[in-house]
Amino acid sequence: MLVRLLYASRAIDTSPDAIDAILAQSRQYNPGSGITGILCYGGGIFLQAIEGGRMAVSELYGHIQRDPRHKDVVLLHYQEISERRFAGWTMGAVNMSKINASILLKYAEKPELNPYTVSGSVSLALLEELMATACIIGRS
């Protein structure tokens with residue numbers, strides 16, 4: 001059974017090297033676990049969708065909750081799915097510096113990434129739009 005999980009967290013270390021290390025680790029681990037997804041980072045906040053088998057997604061989310069690089073981990077959305085939305089992505093990343101502020105304003109009160117202030121379905125809609133407008137860096 002396939003599931004999709006969407007969560008938000010705050011980065012402990014916001015340096016570019018720390019963020020790159022998290023992305024690299026995801027890209028290394030995910031293919032062997034059947035995990036696909038997308039990671040959005042901006043203003044010290046992660047918004048991530050992960051898809052895969054129920055057990056693999058559950059184990060990964062448990063690891064993220066215990067990961068000392070994250071704090072304030074919050075489950076935003078969880079659902080059983082019939083097909084993957086991010087099938088071609090072991091872990092795509094959103095380039096927040098390339099996003100038009102009007103996209104963020106469409107979904108939130110301010111032009112900033114803050115999934116803590118909106119619903120999980122709104123956060124998922126934002127990720128969908130970011131994919132549709134080609135704001136994604138790297139498919140591997």
# chains A, B, ... in the order shown; residues from 1 in each chain; ligands from 1

$ residues_around --residues "segment 74-76 of chain A" --least-positions-apart "5" --cutoff "8 Å" --atoms "only C-alpha atoms" --output "PyMOL selection string"
chain A and resi 5-9+119-121

$ select_by_dssp --residues "segment 3-40 of chain A" --states "strand (DSSP E or B)" --output "number ranges by chain"
A: 3-11, 36-40

$ write_last_selection --atoms "C-alpha atoms" --output "mmCIF file, in the first residue's frame"
data_model
loop_
_atom_site.group_PDB
_atom_site.id
_atom_site.type_symbol
_atom_site.label_atom_id
_atom_site.label_comp_id
_atom_site.auth_asym_id
_atom_site.auth_seq_id
_atom_site.Cartn_x
_atom_site.Cartn_y
_atom_site.Cartn_z
ATOM 1 C CA VAL A 3 1.031 6.487 1.284
ATOM 2 C CA ARG A 4 1.982 10.154 1.144
ATOM 3 C CA LEU A 5 3.126 12.027 4.227
ATOM 4 C CA LEU A 6 3.668 15.769 4.459
ATOM 5 C CA TYR A 7 5.503 17.321 7.399
ATOM 6 C CA ALA A 8 7.171 20.552 8.445
ATOM 7 C CA SER A 9 10.192 21.076 10.670
ATOM 8 C CA ARG A 10 12.654 23.774 11.620
ATOM 9 C CA ALA A 11 16.345 23.378 10.825
ATOM 10 C CA THR A 36 10.138 9.410 -3.482
ATOM 11 C CA GLY A 37 9.360 12.992 -2.583
ATOM 12 C CA ILE A 38 10.134 16.656 -2.602
ATOM 13 C CA LEU A 39 11.829 18.923 -0.068
ATOM 14 C CA CYS A 40 11.169 22.641 0.214
#

$ select_by_dssp --residues "segment 1-137 of chain A" --states "helix (DSSP H, G or I)" --output "PyMOL selection string"
chain A and resi 16-33+54-66+96-98+101-107+115-117+120-132

$ residues_around --residues "Asp13 of chain A" --least-positions-apart "4" --cutoff "8 Å" --atoms "only C-alpha atoms" --output "list of chain:residue names"
A:Ala18, A:Ile19, A:Arg69

$ write_last_selection --atoms "N, CA and C atoms" --output "short mmCIF file (atom, residue, chain, number, x, y, z; two decimals), in the first residue's frame"
data_model
loop_
_atom_site.label_atom_id
_atom_site.label_comp_id
_atom_site.auth_asym_id
_atom_site.auth_seq_id
_atom_site.Cartn_x
_atom_site.Cartn_y
_atom_site.Cartn_z
N ALA A 18 24.78 22.31 5.68
CA ALA A 18 23.90 21.44 6.48
C ALA A 18 22.67 21.04 5.68
N ILE A 19 22.09 22.00 4.97
CA ILE A 19 20.89 21.71 4.16
C ILE A 19 21.26 20.77 3.02
N ARG A 69 19.00 17.27 13.63
CA ARG A 69 19.08 18.41 12.71
C ARG A 69 17.72 19.09 12.53
#

$ closest_residue --among "A:Asn114, A:Gln28, A:Ser82, A:Gln65" --to "Gly44 of chain A" --atoms "only C-alpha atoms"
A:Asn114

$ atom_distance --atom1 "atom CA of Pro111 of chain A" --atom2 "atom CA of Leu47 of chain A"
15.2 Å

$ closest_residue --among "A:Asp20, A:Glu129, A:Asp67, A:Glu83" --to "Tyr41 of chain A" --atoms "only C-alpha atoms"
A:Asp20

$ closest_residue --among "A:Ile45, A:Met1, A:Val57, A:Ile12" --to "Leu113 of chain A" --atoms "only C-alpha atoms"
A:Ile45

$ residues_around --residues "segment 97-109 of chain A" --least-positions-apart "3" --cutoff "12 Å" --atoms "only C-alpha atoms" --output "PyMOL selection string"
chain A and resi 40-43+93-94+112-137

$ decode --residues "segment 55-124 of chain A" --atoms "C-alpha atoms" --output "short mmCIF file (atom, residue, chain, number, x, y, z; two decimals), in the first residue's frame"
data_model
loop_
_atom_site.label_atom_id
_atom_site.label_comp_id
_atom_site.auth_asym_id
_atom_site.auth_seq_id
_atom_site.Cartn_x
_atom_site.Cartn_y
_atom_site.Cartn_z
CA MET A 55 6.19 0.91 6.59
CA ALA A 56 9.03 2.65 4.74
CA VAL A 57 7.36 6.07 5.06
CA SER A 58 6.55 5.46 8.72
CA GLU A 59 10.14 4.43 9.48
CA LEU A 60 11.55 7.45 7.65
CA TYR A 61 9.21 9.85 9.45
CA GLY A 62 10.20 8.31 12.79
CA HIS A 63 13.86 8.85 11.88
CA ILE A 64 13.18 12.49 10.95
CA GLN A 65 11.42 13.06 14.29
CA ARG A 66 14.51 11.81 16.12
CA ASP A 67 17.03 13.55 13.83
CA PRO A 68 18.91 16.22 15.84
CA ARG A 69 19.08 18.41 12.71
CA HIS A 70 15.31 18.99 12.95
CA LYS A 71 13.09 20.52 15.63
CA ASP A 72 9.36 21.27 15.85
CA VAL A 73 8.53 18.35 13.53
CA VAL A 74 4.79 18.48 12.73
CA LEU A 75 2.71 16.07 10.67
CA LEU A 76 0.65 18.16 8.24
CA HIS A 77 -1.00 15.55 6.03
CA TYR A 78 -1.10 11.76 5.66
CA GLN A 79 -3.06 9.76 3.13
CA GLU A 80 -3.23 6.45 1.34
CA ILE A 81 -2.65 6.99 -2.37
CA SER A 82 -3.30 4.96 -5.52
CA GLU A 83 -0.29 6.43 -7.33
CA ARG A 84 2.74 8.54 -6.59
CA ARG A 85 2.83 12.23 -7.42
CA PHE A 86 6.63 12.39 -7.10
CA ALA A 87 7.51 9.07 -8.78
CA GLY A 88 10.42 10.51 -10.75
CA TRP A 89 12.02 12.14 -7.73
CA THR A 90 14.20 10.39 -5.16
CA MET A 91 14.18 13.84 -3.54
CA GLY A 92 13.65 16.99 -5.55
CA ALA A 93 14.43 20.33 -3.91
CA VAL A 94 12.67 23.66 -4.31
CA ASN A 95 14.84 26.70 -5.02
CA MET A 96 13.12 29.24 -2.75
CA SER A 97 15.23 32.11 -4.12
CA LYS A 98 13.63 31.62 -7.56
CA ILE A 99 10.02 31.66 -6.39
CA ASN A 100 7.81 34.58 -7.30
CA ALA A 101 6.38 36.01 -4.07
CA SER A 102 2.91 35.96 -5.61
CA ILE A 103 2.94 32.14 -5.52
CA LEU A 104 3.55 32.17 -1.78
CA LEU A 105 0.95 34.91 -1.25
CA LYS A 106 -1.60 32.78 -3.07
CA TYR A 107 -1.44 30.28 -0.19
CA ALA A 108 -0.50 32.34 2.88
CA GLU A 109 -0.82 35.69 4.62
CA LYS A 110 2.80 36.65 3.91
CA PRO A 111 5.15 35.84 0.99
CA GLU A 112 7.17 33.32 3.00
CA LEU A 113 7.30 29.58 3.49
CA ASN A 114 5.53 28.86 6.77
CA PRO A 115 3.53 25.62 6.76
CA TYR A 116 2.91 26.10 10.49
CA THR A 117 0.32 28.77 9.66
CA VAL A 118 -1.67 26.94 6.96
CA SER A 119 -3.40 23.58 6.61
CA GLY A 120 -1.73 20.47 5.29
CA SER A 121 -3.86 20.54 2.15
CA VAL A 122 -2.75 24.13 1.46
CA SER A 123 0.90 23.13 1.91
CA LEU A 124 0.42 20.22 -0.50
#
